[in-house]
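Student: Just passing along the structure, written as structure tokens.
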Amino acid sequence: MNLLLMVVLVACNQTEPSLENQNQHRLFYDEEVLAQLKDARIDEASGIAESLRYPDHFWVHNDSGDEARLFLINRQGETVVTLILQGITHRDWEDIATGPGVEQGESYIYVGEIGDNGAQHTYKNIYRLKEPVLANLNEGQNVLSGAVETITFSYLDGNRDAETLMVDSQTKDIYIVSKREERVQVYLLEYPQTLTDTLVLPVVQTLPYTRVTAGDISADGSEIVLKTLLSVYYWKRNNNETILEALGRQAERLPYFMEPQGEAIAWLKDGSGYITVSETSNANVIPILYFYRRK
């Protein structure tokens, strides 16, 4: 066992749950390297989501402490647009999703300011904005966002650290999964989400995982992935089934190449597979965009 894996295992204090189906190669191939990220500003990539407007492009953001900005990167790892979110702060952004929103036919970006390492922040925010319409994708250009809506919430059972935000395209509901508990908790923000009051979220489900760092629901709403520091877990959603009903079944483990500090995962909108990207880590490792192709 190499030193990095030993450190991660100790940090996680985690034993992976026993799964009946341990075949990692039934649905997806092992990782392919798409690209190294070229932009040195993306040094703590904490969330990734494919753009709905610009195929083969991905919205990425940094962890806590960065400016209120999103990076639109291509499959070559180049940043083509930096999107500045007007009137918004960046306390601890941890995940991002793209999907439908209020206006029919529009694509939206959801940014989760849901991190809370010390469990000291009562209120968390989800920032929702329309994907910008860009005349062209020029490497390095800066763009100001349009209006950004803020969905504010707290947890009924006390402050929580979370790094997973998922949007269900079938219902426009938002799901948050906590990070640090021995059995993580799922919270639901049902659509339409209020912009004027603070939502108070009860636990709607508990899952037998810990150190959950990312998750995503596929564009058609039929597939779910959750990522821990060590593994990727997968659920297929049946017809007329809710997300919670799907998560209530046993997961299947998917291929995952353990990254130095992997905190981001996303489905590709065409259904061809999923992608991950890591932070640079203390070893100054250049972040790599990995692709796991569907068989």
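Ordering of the structure tokens sets the chain letters (A, B, ...), residue numbers begin anew at 1 in every chain, and ligands are numbered from 1 in the order given.
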Excluding Ile126 in chain A and residues on its chain fewer than 4 positions from it, collect all residues at most 7 Å away from it, counting only C-alpha atoms, and give them as a list in words.
Tutor: Tyr110, Val111, Gly112, Glu113, Thr150, Ile151 and Thr152 of chain A
Student: Based on the selection just made, write all heavy atoms of those residues as a PDB file, in the first residue's frame.
Tutor:
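Listed below is the output, again_29.pdb:
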ATOM      1  N   TYR A 110     -26.113  25.833 -11.130  1.00  0.00           N
ATOM      2  CA  TYR A 110     -26.347  25.827  -9.691  1.00  0.00           C
ATOM      3  C   TYR A 110     -24.995  25.686  -8.988  1.00  0.00           C
ATOM      4  O   TYR A 110     -24.265  24.718  -9.240  1.00  0.00           O
ATOM      5  CB  TYR A 110     -27.235  24.663  -9.281  1.00  0.00           C
ATOM      6  CG  TYR A 110     -28.637  24.691  -9.834  1.00  0.00           C
ATOM      7  CD1 TYR A 110     -28.896  24.358 -11.171  1.00  0.00           C
ATOM      8  CD2 TYR A 110     -29.723  25.028  -9.034  1.00  0.00           C
ATOM      9  CE1 TYR A 110     -30.188  24.362 -11.684  1.00  0.00           C
ATOM     10  CE2 TYR A 110     -31.023  25.034  -9.526  1.00  0.00           C
ATOM     11  CZ  TYR A 110     -31.239  24.702 -10.858  1.00  0.00           C
ATOM     12  OH  TYR A 110     -32.530  24.706 -11.353  1.00  0.00           O
ATOM     13  N   VAL A 111     -24.662  26.634  -8.133  1.00  0.00           N
ATOM     14  CA  VAL A 111     -23.402  26.599  -7.394  1.00  0.00           C
ATOM     15  C   VAL A 111     -23.720  26.436  -5.917  1.00  0.00           C
ATOM     16  O   VAL A 111     -24.478  27.225  -5.347  1.00  0.00           O
ATOM     17  CB  VAL A 111     -22.578  27.876  -7.624  1.00  0.00           C
ATOM     18  CG1 VAL A 111     -21.267  27.813  -6.835  1.00  0.00           C
ATOM     19  CG2 VAL A 111     -22.294  28.084  -9.109  1.00  0.00           C
ATOM     20  N   GLY A 112     -23.127  25.430  -5.285  1.00  0.00           N
ATOM     21  CA  GLY A 112     -23.421  25.136  -3.893  1.00  0.00           C
ATOM     22  C   GLY A 112     -22.382  25.706  -2.944  1.00  0.00           C
ATOM     23  O   GLY A 112     -21.255  25.188  -2.871  1.00  0.00           O
ATOM     24  N   GLU A 113     -22.753  26.761  -2.235  1.00  0.00           N
ATOM     25  CA  GLU A 113     -21.913  27.265  -1.150  1.00  0.00           C
ATOM     26  C   GLU A 113     -22.326  26.508   0.114  1.00  0.00           C
ATOM     27  O   GLU A 113     -23.027  27.018   0.981  1.00  0.00           O
ATOM     28  CB  GLU A 113     -22.108  28.773  -0.974  1.00  0.00           C
ATOM     29  CG  GLU A 113     -21.104  29.384  -0.005  1.00  0.00           C
ATOM     30  CD  GLU A 113     -21.204  30.898   0.031  1.00  0.00           C
ATOM     31  OE1 GLU A 113     -22.268  31.419   0.408  1.00  0.00           O
ATOM     32  OE2 GLU A 113     -20.215  31.562  -0.338  1.00  0.00           O
ATOM     33  N   THR A 150     -30.401  33.604  -5.168  1.00  0.00           N
ATOM     34  CA  THR A 150     -29.833  32.952  -3.989  1.00  0.00           C
ATOM     35  C   THR A 150     -30.912  32.171  -3.246  1.00  0.00           C
ATOM     36  O   THR A 150     -31.919  32.737  -2.826  1.00  0.00           O
ATOM     37  CB  THR A 150     -29.207  33.979  -3.037  1.00  0.00           C
ATOM     38  OG1 THR A 150     -28.173  34.708  -3.733  1.00  0.00           O
ATOM     39  CG2 THR A 150     -28.597  33.285  -1.825  1.00  0.00           C
ATOM     40  N   ILE A 151     -30.685  30.879  -3.122  1.00  0.00           N
ATOM     41  CA  ILE A 151     -31.550  29.996  -2.328  1.00  0.00           C
ATOM     42  C   ILE A 151     -30.819  29.740  -1.013  1.00  0.00           C
ATOM     43  O   ILE A 151     -29.740  29.147  -0.995  1.00  0.00           O
ATOM     44  CB  ILE A 151     -31.814  28.676  -3.068  1.00  0.00           C
ATOM     45  CG1 ILE A 151     -32.445  28.940  -4.437  1.00  0.00           C
ATOM     46  CG2 ILE A 151     -32.699  27.754  -2.234  1.00  0.00           C
ATOM     47  CD1 ILE A 151     -32.415  27.731  -5.360  1.00  0.00           C
ATOM     48  N   THR A 152     -31.395  30.184   0.093  1.00  0.00           N
ATOM     49  CA  THR A 152     -30.756  30.066   1.403  1.00  0.00           C
ATOM     50  C   THR A 152     -31.447  28.994   2.228  1.00  0.00           C
ATOM     51  O   THR A 152     -32.685  28.906   2.242  1.00  0.00           O
ATOM     52  CB  THR A 152     -30.806  31.412   2.147  1.00  0.00           C
ATOM     53  OG1 THR A 152     -30.130  32.411   1.354  1.00  0.00           O
ATOM     54  CG2 THR A 152     -30.119  31.320   3.502  1.00  0.00           C
TER      55      THR A 152
END
Student: Skipping near chain neighbours, those fewer than 5 positions away, what residues fall within 9 Å of Ser46 in chain A using only C-alpha atoms, listed as JSON, numbers by chain?
Tutor: {"A": [60, 61, 62, 63, 64, 93, 94, 95, 96, 163, 213, 214, 262, 263, 264, 277, 278, 279]}
Student: Export, as an mmCIF file, in the first residue's frame, the selected residues with N, CA and C atoms.
Tutor:
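Below you can see again_25.cif, which holds the result:
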data_model
loop_
_atom_site.group_PDB
_atom_site.id
_atom_site.type_symbol
_atom_site.label_atom_id
_atom_site.label_comp_id
_atom_site.auth_asym_id
_atom_site.auth_seq_id
_atom_site.Cartn_x
_atom_site.Cartn_y
_atom_site.Cartn_z
ATOM 1 N N VAL A 60 -16.190 24.737 -14.095
ATOM 2 C CA VAL A 60 -15.375 24.305 -12.964
ATOM 3 C C VAL A 60 -15.248 25.479 -11.996
ATOM 4 N N HIS A 61 -15.169 25.175 -10.716
ATOM 5 C CA HIS A 61 -14.903 26.227 -9.736
ATOM 6 C C HIS A 61 -13.921 25.726 -8.695
ATOM 7 N N ASN A 62 -13.289 26.675 -8.014
ATOM 8 C CA ASN A 62 -12.360 26.359 -6.941
ATOM 9 C C ASN A 62 -13.079 26.209 -5.610
ATOM 10 N N ASP A 63 -12.353 25.647 -4.662
ATOM 11 C CA ASP A 63 -12.803 25.513 -3.288
ATOM 12 C C ASP A 63 -12.780 26.888 -2.610
ATOM 13 N N SER A 64 -12.842 26.909 -1.289
ATOM 14 C CA SER A 64 -12.978 28.157 -0.527
ATOM 15 C C SER A 64 -11.818 29.117 -0.782
ATOM 16 N N TRP A 93 -17.453 27.311 -1.795
ATOM 17 C CA TRP A 93 -18.164 26.623 -2.865
ATOM 18 C C TRP A 93 -17.648 25.193 -2.950
ATOM 19 N N GLU A 94 -18.562 24.228 -3.014
ATOM 20 C CA GLU A 94 -18.146 22.835 -2.990
ATOM 21 C C GLU A 94 -18.661 21.988 -4.147
ATOM 22 N N ASP A 95 -19.703 22.417 -4.841
ATOM 23 C CA ASP A 95 -20.184 21.606 -5.958
ATOM 24 C C ASP A 95 -20.988 22.471 -6.904
ATOM 25 N N ILE A 96 -21.181 21.956 -8.105
ATOM 26 C CA ILE A 96 -21.871 22.691 -9.164
ATOM 27 C C ILE A 96 -22.677 21.698 -9.993
ATOM 28 N N GLU A 163 -20.430 18.516 0.415
ATOM 29 C CA GLU A 163 -19.698 18.803 -0.821
ATOM 30 C C GLU A 163 -20.425 18.272 -2.045
ATOM 31 N N THR A 213 -17.681 13.345 -1.397
ATOM 32 C CA THR A 213 -17.106 14.606 -1.868
ATOM 33 C C THR A 213 -17.749 15.148 -3.136
ATOM 34 N N ALA A 214 -18.635 14.398 -3.778
ATOM 35 C CA ALA A 214 -19.253 14.884 -5.015
ATOM 36 C C ALA A 214 -20.363 13.940 -5.437
ATOM 37 N N GLY A 262 -9.595 14.135 -4.920
ATOM 38 C CA GLY A 262 -10.695 14.177 -5.877
ATOM 39 C C GLY A 262 -11.989 14.628 -5.237
ATOM 40 N N GLU A 263 -12.500 15.770 -5.669
ATOM 41 C CA GLU A 263 -13.729 16.317 -5.092
ATOM 42 C C GLU A 263 -14.749 16.706 -6.149
ATOM 43 N N ALA A 264 -14.632 16.172 -7.363
ATOM 44 C CA ALA A 264 -15.547 16.596 -8.426
ATOM 45 C C ALA A 264 -15.849 15.433 -9.358
ATOM 46 N N VAL A 277 -12.222 15.299 -11.775
ATOM 47 C CA VAL A 277 -11.028 16.151 -11.760
ATOM 48 C C VAL A 277 -10.657 16.364 -10.303
ATOM 49 N N SER A 278 -9.376 16.546 -10.036
ATOM 50 C CA SER A 278 -8.884 16.659 -8.676
ATOM 51 C C SER A 278 -8.346 18.054 -8.401
ATOM 52 N N GLU A 279 -8.230 18.372 -7.122
ATOM 53 C CA GLU A 279 -7.450 19.533 -6.730
ATOM 54 C C GLU A 279 -5.977 19.239 -6.998
#
Student: Mind checking which residues fall within 10 Å of Arg91 in chain A, counting only C-alpha atoms, ignoring those fewer than 4 positions away in the same chain, and posting them as a list in words?
Tutor: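 Answer for this query is Asp63, Ser64, Gly65, Asp66, Glu67, Ala68, Glu113, Ile114, Gly115, Asp116, Lys124 and Asn125 of chain A.
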Student: Apply DSSP to the structure's backbone, then extract all residues of range 49-239 of chain A labelled strand (DSSP E) and return them as a PyMOL selection string.
Tutor: chain A and resi 49-50+57-62+69-74+79-84+95-99+108-113+124-130+141-144+149-155+162-167+174-178+185-189+199-201+203-206+212-217+223-228+232-236
Student: Can you pull out every residue within 10 Å of Val177 in chain A, counting only C-alpha atoms, but drop anything in the same chain fewer than 4 positions away, and send it as an MDAnalysis selection string?
Tutor: chainID A and resid 114 160:166 184:188 203 205:207 212:215 226
Student: Write the selection just made, keeping N, CA, C and O atoms, as a PDB file, in the first residue's frame?
Tutor:
ATOM      1  N   ILE A 114     -21.875  25.258   0.206  1.00  0.00           N
ATOM      2  CA  ILE A 114     -22.387  24.318   1.192  1.00  0.00           C
ATOM      3  C   ILE A 114     -21.282  23.742   2.065  1.00  0.00           C
ATOM      4  O   ILE A 114     -21.553  22.924   2.947  1.00  0.00           O
ATOM      5  N   ARG A 160     -23.930  21.331   9.179  1.00  0.00           N
ATOM      6  CA  ARG A 160     -23.320  20.198   8.490  1.00  0.00           C
ATOM      7  C   ARG A 160     -22.344  20.687   7.428  1.00  0.00           C
ATOM      8  O   ARG A 160     -22.556  21.730   6.813  1.00  0.00           O
ATOM      9  N   ASP A 161     -21.299  19.901   7.217  1.00  0.00           N
ATOM     10  CA  ASP A 161     -20.414  20.107   6.084  1.00  0.00           C
ATOM     11  C   ASP A 161     -20.907  19.236   4.934  1.00  0.00           C
ATOM     12  O   ASP A 161     -21.260  18.068   5.137  1.00  0.00           O
ATOM     13  N   ALA A 162     -20.957  19.801   3.736  1.00  0.00           N
ATOM     14  CA  ALA A 162     -21.410  19.039   2.570  1.00  0.00           C
ATOM     15  C   ALA A 162     -20.600  19.451   1.351  1.00  0.00           C
ATOM     16  O   ALA A 162     -20.141  20.600   1.259  1.00  0.00           O
ATOM     17  N   GLU A 163     -20.430  18.516   0.415  1.00  0.00           N
ATOM     18  CA  GLU A 163     -19.698  18.803  -0.821  1.00  0.00           C
ATOM     19  C   GLU A 163     -20.425  18.272  -2.045  1.00  0.00           C
ATOM     20  O   GLU A 163     -19.845  18.213  -3.125  1.00  0.00           O
ATOM     21  N   THR A 164     -21.696  17.889  -1.862  1.00  0.00           N
ATOM     22  CA  THR A 164     -22.444  17.280  -2.966  1.00  0.00           C
ATOM     23  C   THR A 164     -23.760  18.002  -3.179  1.00  0.00           C
ATOM     24  O   THR A 164     -24.588  18.086  -2.270  1.00  0.00           O
ATOM     25  N   LEU A 165     -23.947  18.522  -4.383  1.00  0.00           N
ATOM     26  CA  LEU A 165     -25.192  19.162  -4.812  1.00  0.00           C
ATOM     27  C   LEU A 165     -25.614  18.505  -6.118  1.00  0.00           C
ATOM     28  O   LEU A 165     -24.817  18.409  -7.056  1.00  0.00           O
ATOM     29  N   MET A 166     -26.870  18.052  -6.195  1.00  0.00           N
ATOM     30  CA  MET A 166     -27.376  17.401  -7.406  1.00  0.00           C
ATOM     31  C   MET A 166     -28.747  17.974  -7.752  1.00  0.00           C
ATOM     32  O   MET A 166     -29.547  18.276  -6.858  1.00  0.00           O
ATOM     33  N   VAL A 184     -23.734   9.147   5.850  1.00  0.00           N
ATOM     34  CA  VAL A 184     -24.051  10.506   5.420  1.00  0.00           C
ATOM     35  C   VAL A 184     -25.554  10.676   5.244  1.00  0.00           C
ATOM     36  O   VAL A 184     -26.303   9.705   5.095  1.00  0.00           O
ATOM     37  N   GLN A 185     -25.967  11.935   5.245  1.00  0.00           N
ATOM     38  CA  GLN A 185     -27.388  12.263   5.224  1.00  0.00           C
ATOM     39  C   GLN A 185     -27.753  12.996   3.940  1.00  0.00           C
ATOM     40  O   GLN A 185     -26.964  13.779   3.410  1.00  0.00           O
ATOM     41  N   VAL A 186     -28.967  12.757   3.471  1.00  0.00           N
ATOM     42  CA  VAL A 186     -29.481  13.379   2.256  1.00  0.00           C
ATOM     43  C   VAL A 186     -30.557  14.390   2.640  1.00  0.00           C
ATOM     44  O   VAL A 186     -31.414  14.107   3.490  1.00  0.00           O
ATOM     45  N   TYR A 187     -30.497  15.557   2.001  1.00  0.00           N
ATOM     46  CA  TYR A 187     -31.467  16.626   2.238  1.00  0.00           C
ATOM     47  C   TYR A 187     -32.072  17.025   0.893  1.00  0.00           C
ATOM     48  O   TYR A 187     -31.406  16.970  -0.142  1.00  0.00           O
ATOM     49  N   LEU A 188     -33.326  17.450   0.925  1.00  0.00           N
ATOM     50  CA  LEU A 188     -34.083  17.740  -0.290  1.00  0.00           C
ATOM     51  C   LEU A 188     -34.610  19.166  -0.273  1.00  0.00           C
ATOM     52  O   LEU A 188     -35.219  19.592   0.713  1.00  0.00           O
ATOM     53  N   VAL A 203     -33.580  15.704   7.461  1.00  0.00           N
ATOM     54  CA  VAL A 203     -32.953  14.554   6.811  1.00  0.00           C
ATOM     55  C   VAL A 203     -34.043  13.732   6.133  1.00  0.00           C
ATOM     56  O   VAL A 203     -35.046  13.385   6.751  1.00  0.00           O
ATOM     57  N   GLN A 205     -33.023  10.999   4.055  1.00  0.00           N
ATOM     58  CA  GLN A 205     -32.469   9.661   3.826  1.00  0.00           C
ATOM     59  C   GLN A 205     -31.070   9.599   4.438  1.00  0.00           C
ATOM     60  O   GLN A 205     -30.378  10.620   4.542  1.00  0.00           O
ATOM     61  N   THR A 206     -30.665   8.399   4.827  1.00  0.00           N
ATOM     62  CA  THR A 206     -29.309   8.149   5.320  1.00  0.00           C
ATOM     63  C   THR A 206     -28.670   7.076   4.447  1.00  0.00           C
ATOM     64  O   THR A 206     -29.323   6.091   4.081  1.00  0.00           O
ATOM     65  N   LEU A 207     -27.395   7.271   4.107  1.00  0.00           N
ATOM     66  CA  LEU A 207     -26.688   6.346   3.223  1.00  0.00           C
ATOM     67  C   LEU A 207     -25.448   5.797   3.927  1.00  0.00           C
ATOM     68  O   LEU A 207     -24.807   6.518   4.699  1.00  0.00           O
ATOM     69  N   VAL A 212     -18.206  11.710   1.538  1.00  0.00           N
ATOM     70  CA  VAL A 212     -18.784  11.896   0.208  1.00  0.00           C
ATOM     71  C   VAL A 212     -18.394  13.288  -0.278  1.00  0.00           C
ATOM     72  O   VAL A 212     -18.722  14.299   0.341  1.00  0.00           O
ATOM     73  N   THR A 213     -17.681  13.345  -1.397  1.00  0.00           N
ATOM     74  CA  THR A 213     -17.106  14.606  -1.868  1.00  0.00           C
ATOM     75  C   THR A 213     -17.749  15.148  -3.136  1.00  0.00           C
ATOM     76  O   THR A 213     -17.429  16.276  -3.537  1.00  0.00           O
ATOM     77  N   ALA A 214     -18.635  14.398  -3.778  1.00  0.00           N
ATOM     78  CA  ALA A 214     -19.253  14.884  -5.015  1.00  0.00           C
ATOM     79  C   ALA A 214     -20.363  13.940  -5.437  1.00  0.00           C
ATOM     80  O   ALA A 214     -20.435  12.793  -4.989  1.00  0.00           O
ATOM     81  N   GLY A 215     -21.224  14.425  -6.326  1.00  0.00           N
ATOM     82  CA  GLY A 215     -22.277  13.593  -6.874  1.00  0.00           C
ATOM     83  C   GLY A 215     -22.926  14.276  -8.058  1.00  0.00           C
ATOM     84  O   GLY A 215     -22.743  15.476  -8.284  1.00  0.00           O
ATOM     85  N   LEU A 226     -22.446   8.953  -6.719  1.00  0.00           N
ATOM     86  CA  LEU A 226     -21.855   9.628  -5.570  1.00  0.00           C
ATOM     87  C   LEU A 226     -20.404   9.207  -5.483  1.00  0.00           C
ATOM     88  O   LEU A 226     -20.067   8.030  -5.702  1.00  0.00           O
TER      89      LEU A 226
END
Student: Rounded to one decimal in Å, what is the spacing between CA of Ile88 in chain A and CA of Leu129 in chain A?
Tutor: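 Straight-line distance from CA of Ile88 in chain A to CA of Leu129 in chain A works out to 11.4 Å.
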Student: Looking at only C-alpha atoms, which of A:Ser222, A:Val102, A:Gly158, A:Leu229 is the one that sits closest to Ala119 in chain A?
Tutor: A:Gly158
Student: Pick out the residues sitting within 8 Å of Leu27 in chain A, and hand them over as a list in words; count only C-alpha atoms, and ignore anything fewer than 6 positions along from it in its own chain.
Tutor: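 Final neighbour list, sorted by chain and number: Leu254, Arg294 and Lys295 of chain A.
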Student: Can you measure CA of Tyr209 in chain A to CA of Tyr123 in chain A for me? One decimal in Å is fine.
Tutor: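 Computed distance, CA of Tyr209 in chain A to CA of Tyr123 in chain A, equals 24.3 Å.
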Student: Just want the 12 Å neighbourhood of Thr242 in chain A, counted on only C-alpha atoms, with same-chain residues fewer than 2 positions away dropped. Output as an MDAnalysis selection string.
Tutor: chainID A and resid 168:171 173 175 188 217 221:224 235:240 244:249
Student: Using CA of Leu144 in chain A and CA of Leu37 in chain A as the two end points, give the distance in Å to one decimal.
Tutor: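 That distance, rounded to one decimal, is 22.5 Å.
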Student: Pick from A:Tyr54, A:Tyr256, A:Tyr29, A:Trp267: nearest to Leu134 in chain A, with only C-alpha atoms counted?
Tutor: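 Once distances to Leu134 in chain A are computed over only C-alpha atoms, the minimum belongs to A:Tyr54.
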Student: DSSP on the backbone: which residues in range 37-281 of chain A end up as helix (DSSP H, G or I)? Give the answer as number ranges by chain.
Tutor: A: 243-247
Student: So, with only C-alpha atoms as the atoms that count, which of A:Glu32, A:Leu156, A:His57, A:Ala97 lies closest to Phe291 in chain A?
Tutor: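 The answer is A:Glu32, which sits nearest to Phe291 in chain A.
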Student: Restricting the calculation to only C-alpha atoms, which member of A:Glu131, A:Ile275, A:Thr280, A:Arg211 is positioned closest to Arg75 in chain A?
Tutor: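 Under the stated criterion, the closest residue is A:Ile275.
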Student: Could you give me, as a PyMOL selection string, the residues within 8 Å of Tyr274 in chain A, counting only C-alpha atoms and dropping anything in the same chain fewer than 3 positions from it?
Tutor: chain A and resi 265-268+291-293
Student: Those selected residues, please, written with N, CA, C and O atoms and delivered as a PDB file, in the first residue's frame.
Tutor:
ATOM      1  N   ILE A 265     -17.149  15.291  -9.710  1.00  0.00           N
ATOM      2  CA  ILE A 265     -17.579  14.268 -10.661  1.00  0.00           C
ATOM      3  C   ILE A 265     -18.800  14.798 -11.397  1.00  0.00           C
ATOM      4  O   ILE A 265     -19.582  15.585 -10.837  1.00  0.00           O
ATOM      5  N   ALA A 266     -18.950  14.387 -12.648  1.00  0.00           N
ATOM      6  CA  ALA A 266     -20.113  14.822 -13.433  1.00  0.00           C
ATOM      7  C   ALA A 266     -20.383  13.829 -14.547  1.00  0.00           C
ATOM      8  O   ALA A 266     -19.461  13.250 -15.131  1.00  0.00           O
ATOM      9  N   TRP A 267     -21.664  13.646 -14.850  1.00  0.00           N
ATOM     10  CA  TRP A 267     -22.067  12.904 -16.037  1.00  0.00           C
ATOM     11  C   TRP A 267     -21.872  13.777 -17.270  1.00  0.00           C
ATOM     12  O   TRP A 267     -22.060  14.995 -17.220  1.00  0.00           O
ATOM     13  N   LEU A 268     -21.538  13.141 -18.387  1.00  0.00           N
ATOM     14  CA  LEU A 268     -21.602  13.832 -19.666  1.00  0.00           C
ATOM     15  C   LEU A 268     -23.046  13.798 -20.155  1.00  0.00           C
ATOM     16  O   LEU A 268     -23.752  12.805 -19.992  1.00  0.00           O
ATOM     17  N   PHE A 291     -11.815  10.699 -17.924  1.00  0.00           N
ATOM     18  CA  PHE A 291     -13.074  10.286 -18.532  1.00  0.00           C
ATOM     19  C   PHE A 291     -13.231   8.784 -18.384  1.00  0.00           C
ATOM     20  O   PHE A 291     -12.299   8.015 -18.657  1.00  0.00           O
ATOM     21  N   TYR A 292     -14.431   8.353 -17.967  1.00  0.00           N
ATOM     22  CA  TYR A 292     -14.766   6.944 -17.828  1.00  0.00           C
ATOM     23  C   TYR A 292     -15.855   6.627 -18.837  1.00  0.00           C
ATOM     24  O   TYR A 292     -17.021   6.993 -18.664  1.00  0.00           O
ATOM     25  N   ARG A 293     -15.492   5.950 -19.902  1.00  0.00           N
ATOM     26  CA  ARG A 293     -16.373   5.732 -21.049  1.00  0.00           C
ATOM     27  C   ARG A 293     -17.329   4.582 -20.793  1.00  0.00           C
ATOM     28  O   ARG A 293     -16.957   3.528 -20.275  1.00  0.00           O
TER      29      ARG A 293
END
